[in-house]
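J.: My structure is in model-v4.cif, and what it holds is mmCIF, N, CA and C atoms, pLDDT in the B column; chains and numbers go by the auth columns:
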data_upload
#
loop_
_atom_site.group_PDB
_atom_site.id
_atom_site.type_symbol
_atom_site.label_atom_id
_atom_site.label_comp_id
_atom_site.label_asym_id
_atom_site.label_seq_id
_atom_site.Cartn_x
_atom_site.Cartn_y
_atom_site.Cartn_z
_atom_site.B_iso_or_equiv
_atom_site.auth_seq_id
_atom_site.auth_asym_id
ATOM 1 N N MET A 1 -1.876 18.950 1.522 55.00 1 A
ATOM 2 C CA MET A 1 -1.546 18.467 0.189 55.00 1 A
ATOM 3 C C MET A 1 -2.488 17.315 -0.159 55.00 1 A
ATOM 4 N N SER A 2 -3.140 17.411 -1.285 62.00 2 A
ATOM 5 C CA SER A 2 -4.046 16.337 -1.678 62.00 2 A
ATOM 6 C C SER A 2 -3.259 15.096 -2.078 62.00 2 A
ATOM 7 N N LYS A 3 -3.936 13.950 -2.007 66.00 3 A
ATOM 8 C CA LYS A 3 -3.263 12.705 -2.356 66.00 3 A
ATOM 9 C C LYS A 3 -2.778 12.723 -3.800 66.00 3 A
ATOM 10 N N ALA A 4 -3.528 13.347 -4.684 68.00 4 A
ATOM 11 C CA ALA A 4 -3.117 13.421 -6.086 68.00 4 A
ATOM 12 C C ALA A 4 -1.838 14.237 -6.238 68.00 4 A
ATOM 13 N N ALA A 5 -1.656 15.218 -5.359 85.00 5 A
ATOM 14 C CA ALA A 5 -0.486 16.085 -5.451 85.00 5 A
ATOM 15 C C ALA A 5 0.700 15.555 -4.643 85.00 5 A
ATOM 16 N N GLU A 6 0.505 14.492 -3.895 90.00 6 A
ATOM 17 C CA GLU A 6 1.611 13.951 -3.112 90.00 6 A
ATOM 18 C C GLU A 6 2.740 13.506 -4.023 90.00 6 A
ATOM 19 N N LYS A 7 3.951 13.746 -3.583 93.00 7 A
ATOM 20 C CA LYS A 7 5.118 13.332 -4.352 93.00 7 A
ATOM 21 C C LYS A 7 5.215 11.809 -4.337 93.00 7 A
ATOM 22 N N LYS A 8 5.449 11.251 -5.484 93.00 8 A
ATOM 23 C CA LYS A 8 5.632 9.806 -5.602 93.00 8 A
ATOM 24 C C LYS A 8 7.075 9.543 -5.997 93.00 8 A
ATOM 25 N N ILE A 9 7.650 8.504 -5.418 93.00 9 A
ATOM 26 C CA ILE A 9 9.012 8.132 -5.757 93.00 9 A
ATOM 27 C C ILE A 9 8.991 6.742 -6.402 93.00 9 A
ATOM 28 N N PRO A 10 9.874 6.499 -7.344 93.00 10 A
ATOM 29 C CA PRO A 10 9.908 5.185 -7.968 93.00 10 A
ATOM 30 C C PRO A 10 10.509 4.153 -7.011 93.00 10 A
ATOM 31 N N VAL A 11 9.833 3.021 -6.921 93.00 11 A
ATOM 32 C CA VAL A 11 10.294 1.927 -6.076 93.00 11 A
ATOM 33 C C VAL A 11 10.143 0.637 -6.879 93.00 11 A
ATOM 34 N N LEU A 12 11.167 -0.149 -6.899 93.00 12 A
ATOM 35 C CA LEU A 12 11.104 -1.423 -7.606 93.00 12 A
ATOM 36 C C LEU A 12 10.519 -2.479 -6.679 93.00 12 A
ATOM 37 N N VAL A 13 9.436 -3.107 -7.121 91.00 13 A
ATOM 38 C CA VAL A 13 8.807 -4.179 -6.354 91.00 13 A
ATOM 39 C C VAL A 13 8.778 -5.409 -7.250 91.00 13 A
ATOM 40 N N ARG A 14 9.360 -6.465 -6.771 94.00 14 A
ATOM 41 C CA ARG A 14 9.352 -7.719 -7.527 94.00 14 A
ATOM 42 C C ARG A 14 8.214 -8.581 -6.991 94.00 14 A
ATOM 43 N N LEU A 15 7.226 -8.791 -7.832 92.00 15 A
ATOM 44 C CA LEU A 15 6.072 -9.590 -7.448 92.00 15 A
ATOM 45 C C LEU A 15 6.214 -11.005 -7.977 92.00 15 A
ATOM 46 N N PHE A 16 5.554 -11.910 -7.302 94.00 16 A
ATOM 47 C CA PHE A 16 5.439 -13.244 -7.853 94.00 16 A
ATOM 48 C C PHE A 16 4.514 -13.148 -9.056 94.00 16 A
ATOM 49 N N GLU A 17 4.812 -13.913 -10.084 93.00 17 A
ATOM 50 C CA GLU A 17 4.022 -13.850 -11.307 93.00 17 A
ATOM 51 C C GLU A 17 2.544 -14.112 -11.032 93.00 17 A
ATOM 52 N N SER A 18 2.270 -15.082 -10.175 94.00 18 A
ATOM 53 C CA SER A 18 0.872 -15.414 -9.867 94.00 18 A
ATOM 54 C C SER A 18 0.174 -14.260 -9.142 94.00 18 A
ATOM 55 N N ASP A 19 0.914 -13.496 -8.341 94.00 19 A
ATOM 56 C CA ASP A 19 0.309 -12.352 -7.651 94.00 19 A
ATOM 57 C C ASP A 19 -0.030 -11.235 -8.632 94.00 19 A
ATOM 58 N N LEU A 20 0.807 -11.013 -9.613 92.00 20 A
ATOM 59 C CA LEU A 20 0.499 -10.009 -10.622 92.00 20 A
ATOM 60 C C LEU A 20 -0.756 -10.424 -11.393 92.00 20 A
ATOM 61 N N ASP A 21 -0.843 -11.689 -11.718 93.00 21 A
ATOM 62 C CA ASP A 21 -2.045 -12.197 -12.388 93.00 21 A
ATOM 63 C C ASP A 21 -3.284 -11.966 -11.520 93.00 21 A
ATOM 64 N N ARG A 22 -3.165 -12.206 -10.236 94.00 22 A
ATOM 65 C CA ARG A 22 -4.289 -12.006 -9.317 94.00 22 A
ATOM 66 C C ARG A 22 -4.681 -10.534 -9.236 94.00 22 A
ATOM 67 N N LEU A 23 -3.683 -9.644 -9.165 93.00 23 A
ATOM 68 C CA LEU A 23 -3.974 -8.205 -9.147 93.00 23 A
ATOM 69 C C LEU A 23 -4.751 -7.808 -10.397 93.00 23 A
ATOM 70 N N GLN A 24 -4.300 -8.298 -11.537 92.00 24 A
ATOM 71 C CA GLN A 24 -4.968 -7.949 -12.789 92.00 24 A
ATOM 72 C C GLN A 24 -6.372 -8.547 -12.847 92.00 24 A
ATOM 73 N N ARG A 25 -6.573 -9.691 -12.226 95.00 25 A
ATOM 74 C CA ARG A 25 -7.905 -10.297 -12.217 95.00 25 A
ATOM 75 C C ARG A 25 -8.863 -9.501 -11.321 95.00 25 A
ATOM 76 N N PHE A 26 -8.383 -9.079 -10.143 94.00 26 A
ATOM 77 C CA PHE A 26 -9.238 -8.348 -9.210 94.00 26 A
ATOM 78 C C PHE A 26 -9.426 -6.883 -9.594 94.00 26 A
ATOM 79 N N TYR A 27 -8.437 -6.305 -10.235 94.00 27 A
ATOM 80 C CA TYR A 27 -8.487 -4.883 -10.606 94.00 27 A
ATOM 81 C C TYR A 27 -8.156 -4.729 -12.096 94.00 27 A
ATOM 82 N N PRO A 28 -8.997 -5.243 -12.983 95.00 28 A
ATOM 83 C CA PRO A 28 -8.644 -5.274 -14.406 95.00 28 A
ATOM 84 C C PRO A 28 -8.575 -3.903 -15.081 95.00 28 A
ATOM 85 N N ARG A 29 -9.231 -2.900 -14.522 95.00 29 A
ATOM 86 C CA ARG A 29 -9.270 -1.588 -15.171 95.00 29 A
ATOM 87 C C ARG A 29 -8.244 -0.606 -14.609 95.00 29 A
ATOM 88 N N HIS A 30 -7.432 -1.066 -13.672 94.00 30 A
ATOM 89 C CA HIS A 30 -6.472 -0.157 -13.041 94.00 30 A
ATOM 90 C C HIS A 30 -5.047 -0.659 -13.235 94.00 30 A
ATOM 91 N N PRO A 31 -4.102 0.237 -13.432 93.00 31 A
ATOM 92 C CA PRO A 31 -2.702 -0.188 -13.549 93.00 31 A
ATOM 93 C C PRO A 31 -2.225 -0.774 -12.219 93.00 31 A
ATOM 94 N N TYR A 32 -1.439 -1.828 -12.304 91.00 32 A
ATOM 95 C CA TYR A 32 -1.032 -2.520 -11.072 91.00 32 A
ATOM 96 C C TYR A 32 -0.221 -1.632 -10.144 91.00 32 A
ATOM 97 N N ASN A 33 0.550 -0.672 -10.672 92.00 33 A
ATOM 98 C CA ASN A 33 1.313 0.200 -9.768 92.00 33 A
ATOM 99 C C ASN A 33 0.381 1.052 -8.910 92.00 33 A
ATOM 100 N N ARG A 34 -0.732 1.492 -9.482 93.00 34 A
ATOM 101 C CA ARG A 34 -1.709 2.278 -8.704 93.00 34 A
ATOM 102 C C ARG A 34 -2.371 1.404 -7.644 93.00 34 A
ATOM 103 N N VAL A 35 -2.720 0.190 -8.026 94.00 35 A
ATOM 104 C CA VAL A 35 -3.354 -0.737 -7.086 94.00 35 A
ATOM 105 C C VAL A 35 -2.414 -1.033 -5.921 94.00 35 A
ATOM 106 N N ILE A 36 -1.164 -1.312 -6.222 95.00 36 A
ATOM 107 C CA ILE A 36 -0.189 -1.613 -5.163 95.00 36 A
ATOM 108 C C ILE A 36 -0.022 -0.404 -4.245 95.00 36 A
ATOM 109 N N ARG A 37 0.054 0.780 -4.826 94.00 37 A
ATOM 110 C CA ARG A 37 0.205 2.003 -4.026 94.00 37 A
ATOM 111 C C ARG A 37 -0.979 2.165 -3.069 94.00 37 A
ATOM 112 N N ILE A 38 -2.197 1.927 -3.547 94.00 38 A
ATOM 113 C CA ILE A 38 -3.385 2.051 -2.705 94.00 38 A
ATOM 114 C C ILE A 38 -3.413 0.968 -1.623 94.00 38 A
ATOM 115 N N LEU A 39 -3.064 -0.262 -1.999 95.00 39 A
ATOM 116 C CA LEU A 39 -3.053 -1.343 -1.014 95.00 39 A
ATOM 117 C C LEU A 39 -2.021 -1.095 0.087 95.00 39 A
ATOM 118 N N VAL A 40 -0.856 -0.606 -0.280 95.00 40 A
ATOM 119 C CA VAL A 40 0.175 -0.295 0.724 95.00 40 A
ATOM 120 C C VAL A 40 -0.308 0.822 1.640 95.00 40 A
ATOM 121 N N ARG A 41 -0.906 1.868 1.076 95.00 41 A
ATOM 122 C CA ARG A 41 -1.411 2.984 1.886 95.00 41 A
ATOM 123 C C ARG A 41 -2.457 2.496 2.890 95.00 41 A
ATOM 124 N N LYS A 42 -3.405 1.674 2.414 96.00 42 A
ATOM 125 C CA LYS A 42 -4.447 1.164 3.305 96.00 42 A
ATOM 126 C C LYS A 42 -3.858 0.290 4.404 96.00 42 A
ATOM 127 N N HIS A 43 -2.875 -0.517 4.060 94.00 43 A
ATOM 128 C CA HIS A 43 -2.246 -1.374 5.058 94.00 43 A
ATOM 129 C C HIS A 43 -1.529 -0.533 6.117 94.00 43 A
ATOM 130 N N LEU A 44 -0.785 0.463 5.686 94.00 44 A
ATOM 131 C CA LEU A 44 -0.073 1.326 6.640 94.00 44 A
ATOM 132 C C LEU A 44 -1.041 2.112 7.517 94.00 44 A
ATOM 133 N N ASP A 45 -2.133 2.599 6.936 94.00 45 A
ATOM 134 C CA ASP A 45 -3.154 3.296 7.730 94.00 45 A
ATOM 135 C C ASP A 45 -3.725 2.363 8.793 94.00 45 A
ATOM 136 N N SER A 46 -3.972 1.120 8.411 92.00 46 A
ATOM 137 C CA SER A 46 -4.501 0.128 9.350 92.00 46 A
ATOM 138 C C SER A 46 -3.516 -0.137 10.484 92.00 46 A
ATOM 139 N N LEU A 47 -2.235 -0.268 10.139 90.00 47 A
ATOM 140 C CA LEU A 47 -1.219 -0.486 11.174 90.00 47 A
ATOM 141 C C LEU A 47 -1.150 0.689 12.138 90.00 47 A
ATOM 142 N N GLU A 48 -1.178 1.895 11.603 89.00 48 A
ATOM 143 C CA GLU A 48 -1.118 3.076 12.468 89.00 48 A
ATOM 144 C C GLU A 48 -2.313 3.133 13.417 89.00 48 A
ATOM 145 N N LYS A 49 -3.492 2.787 12.925 89.00 49 A
ATOM 146 C CA LYS A 49 -4.676 2.780 13.784 89.00 49 A
ATOM 147 C C LYS A 49 -4.540 1.749 14.895 89.00 49 A
ATOM 148 N N ARG A 50 -4.003 0.577 14.562 87.00 50 A
ATOM 149 C CA ARG A 50 -3.826 -0.462 15.590 87.00 50 A
ATOM 150 C C ARG A 50 -2.811 -0.038 16.640 87.00 50 A
ATOM 151 N N VAL A 51 -1.730 0.594 16.211 84.00 51 A
ATOM 152 C CA VAL A 51 -0.715 1.058 17.164 84.00 51 A
ATOM 153 C C VAL A 51 -1.300 2.161 18.032 84.00 51 A
ATOM 154 N N GLU A 52 -2.026 3.087 17.420 80.00 52 A
ATOM 155 C CA GLU A 52 -2.638 4.183 18.169 80.00 52 A
ATOM 156 C C GLU A 52 -3.652 3.653 19.176 80.00 52 A
ATOM 157 N N LYS A 53 -4.406 2.651 18.792 81.00 53 A
ATOM 158 C CA LYS A 53 -5.394 2.071 19.690 81.00 53 A
ATOM 159 C C LYS A 53 -4.719 1.357 20.862 81.00 53 A
ATOM 160 N N ALA A 54 -3.596 0.697 20.595 77.00 54 A
ATOM 161 C CA ALA A 54 -2.885 -0.041 21.643 77.00 54 A
ATOM 162 C C ALA A 54 -2.191 0.892 22.621 77.00 54 A
ATOM 163 N N SER A 55 -1.613 1.980 22.123 72.00 55 A
ATOM 164 C CA SER A 55 -0.904 2.921 22.990 72.00 55 A
ATOM 165 C C SER A 55 -1.034 4.333 22.412 72.00 55 A
ATOM 166 N N PRO A 56 -2.117 5.010 22.717 62.00 56 A
ATOM 167 C CA PRO A 56 -2.395 6.304 22.092 62.00 56 A
ATOM 168 C C PRO A 56 -1.383 7.408 22.378 62.00 56 A
ATOM 169 N N THR A 57 -0.563 7.267 23.397 60.00 57 A
ATOM 170 C CA THR A 57 0.393 8.335 23.701 60.00 57 A
ATOM 171 C C THR A 57 1.778 8.058 23.148 60.00 57 A
ATOM 172 N N THR A 58 1.973 6.925 22.510 59.00 58 A
ATOM 173 C CA THR A 58 3.285 6.541 22.007 59.00 58 A
ATOM 174 C C THR A 58 3.362 6.762 20.512 59.00 58 A
ATOM 175 N N ASP A 59 4.447 7.359 20.057 61.00 59 A
ATOM 176 C CA ASP A 59 4.671 7.507 18.626 61.00 59 A
ATOM 177 C C ASP A 59 5.042 6.152 18.037 61.00 59 A
ATOM 178 N N LEU A 60 4.876 6.027 16.729 60.00 60 A
ATOM 179 C CA LEU A 60 5.289 4.807 16.055 60.00 60 A
ATOM 180 C C LEU A 60 6.805 4.647 16.163 60.00 60 A
ATOM 181 N N PRO A 61 7.281 3.429 16.278 63.00 61 A
ATOM 182 C CA PRO A 61 8.744 3.225 16.330 63.00 61 A
ATOM 183 C C PRO A 61 9.393 3.732 15.052 63.00 61 A
ATOM 184 N N LYS A 62 10.518 4.367 15.194 62.00 62 A
ATOM 185 C CA LYS A 62 11.222 4.939 14.043 62.00 62 A
ATOM 186 C C LYS A 62 12.124 3.910 13.359 62.00 62 A
ATOM 187 N N ASP A 63 12.390 2.795 14.014 61.00 63 A
ATOM 188 C CA ASP A 63 13.358 1.828 13.487 61.00 63 A
ATOM 189 C C ASP A 63 12.718 0.543 12.991 61.00 63 A
ATOM 190 N N LEU A 64 11.516 0.633 12.409 57.00 64 A
ATOM 191 C CA LEU A 64 10.863 -0.561 11.876 57.00 64 A
ATOM 192 C C LEU A 64 11.613 -1.072 10.732 57.00 64 A
#
Would you mind writing the structure in this file as structure tokens?

T.:
Amino acid sequence: MSKAAEKKIPVLVRLFESDLDRLQRFYPRHPYNRVIRILVRKHLDSLEKRVEKASPTTDLPKDL
């Protein structure tokens, strides 16, 4: 399934006002919900790589 076709679910995220301003300053041409979605995906990918590197035979904990 391509990323564009992935199912998206609505999630309420309460940002600090200054953080929303910063998002708009760094990514002025993109909607903040798209930017947040991409940043979360990249962060989770990074975490998975670090866990895999630390213990390649262990699955990620299910109770995070």

J.: Pick out the closest residue to A:Tyr32 from this set: A:Ile9, A:Leu15, A:Ala54, A:Leu44. Count only C-alpha atoms.

T.: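 Under the stated criterion, the closest residue is A:Leu15.
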
J.: Determine which residues of stretch 10-40 of chain A receive a DSSP assignment of alpha helix (DSSP H), computed from the backbone, and state them as a list in words.

T.: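 DSSP-assigned alpha helix (DSSP H) residues in stretch 10-40 of chain A: Glu17, Ser18, Asp19, Leu20, Asp21, Arg22, Leu23, Gln24, Arg25, Phe26, Tyr32, Asn33, Arg34, Val35, Ile36, Arg37, Ile38, Leu39 and Val40 of chain A.
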
J.: Just to confirm, what's the straight-line distance from atom CA of A:His30 to atom CA of A:Leu47 in Å (one decimal)?

T.: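 So the answer is 24.8 Å.
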
J.: May I ask for the distance between atom N of A:Arg22 and atom CA of A:Glu6, given in Å to one decimal place?

T.: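 Atom CA of A:Glu6 lies at a distance of 27.5 Å from atom N of A:Arg22.
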
J.: Go ahead and compute the interatomic distance for atom CA of A:Pro31 and atom CA of A:Lys49, in Å to one decimal.

T.: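 For atom CA of A:Pro31 relative to atom CA of A:Lys49, the distance reads 27.6 Å.
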
J.: So that all listed atoms of stretch 22-36 of chain A fit with 5 Å spare on each side, what axis-aligned box centre and edge lengths in Å, to one decimal, would you give as JSON?

T.:
{"center_x": -4.1, "center_y": -5.0, "center_z": -9.7, "size_x": 20.7, "size_y": 24.5, "size_z": 20.9}

J.: Starting from the point (-6.7, -3.2, -2.1), work out which residues of protein, DNA or RNA have an atom no more than 8 Å away when counting only C-alpha atoms; state them as number ranges by chain.

T.: A: 35-36, 38-40, 42

J.: Go ahead and write the residues just picked, N, CA and C atoms, as a PDB file, in the frame of the given file.

T.:
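Result went into out-v3.pdb, see below:
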ATOM      1  N   VAL A  35      -2.720   0.190  -8.026  1.00 94.00           N
ATOM      2  CA  VAL A  35      -3.354  -0.737  -7.086  1.00 94.00           C
ATOM      3  C   VAL A  35      -2.414  -1.033  -5.921  1.00 94.00           C
ATOM      4  N   ILE A  36      -1.164  -1.312  -6.222  1.00 95.00           N
ATOM      5  CA  ILE A  36      -0.189  -1.613  -5.163  1.00 95.00           C
ATOM      6  C   ILE A  36      -0.022  -0.404  -4.245  1.00 95.00           C
ATOM      7  N   ILE A  38      -2.197   1.927  -3.547  1.00 94.00           N
ATOM      8  CA  ILE A  38      -3.385   2.051  -2.705  1.00 94.00           C
ATOM      9  C   ILE A  38      -3.413   0.968  -1.623  1.00 94.00           C
ATOM     10  N   LEU A  39      -3.064  -0.262  -1.999  1.00 95.00           N
ATOM     11  CA  LEU A  39      -3.053  -1.343  -1.014  1.00 95.00           C
ATOM     12  C   LEU A  39      -2.021  -1.095   0.087  1.00 95.00           C
ATOM     13  N   VAL A  40      -0.856  -0.606  -0.280  1.00 95.00           N
ATOM     14  CA  VAL A  40       0.175  -0.295   0.724  1.00 95.00           C
ATOM     15  C   VAL A  40      -0.308   0.822   1.640  1.00 95.00           C
ATOM     16  N   LYS A  42      -3.405   1.674   2.414  1.00 96.00           N
ATOM     17  CA  LYS A  42      -4.447   1.164   3.305  1.00 96.00           C
ATOM     18  C   LYS A  42      -3.858   0.290   4.404  1.00 96.00           C
TER      19      LYS A  42
END
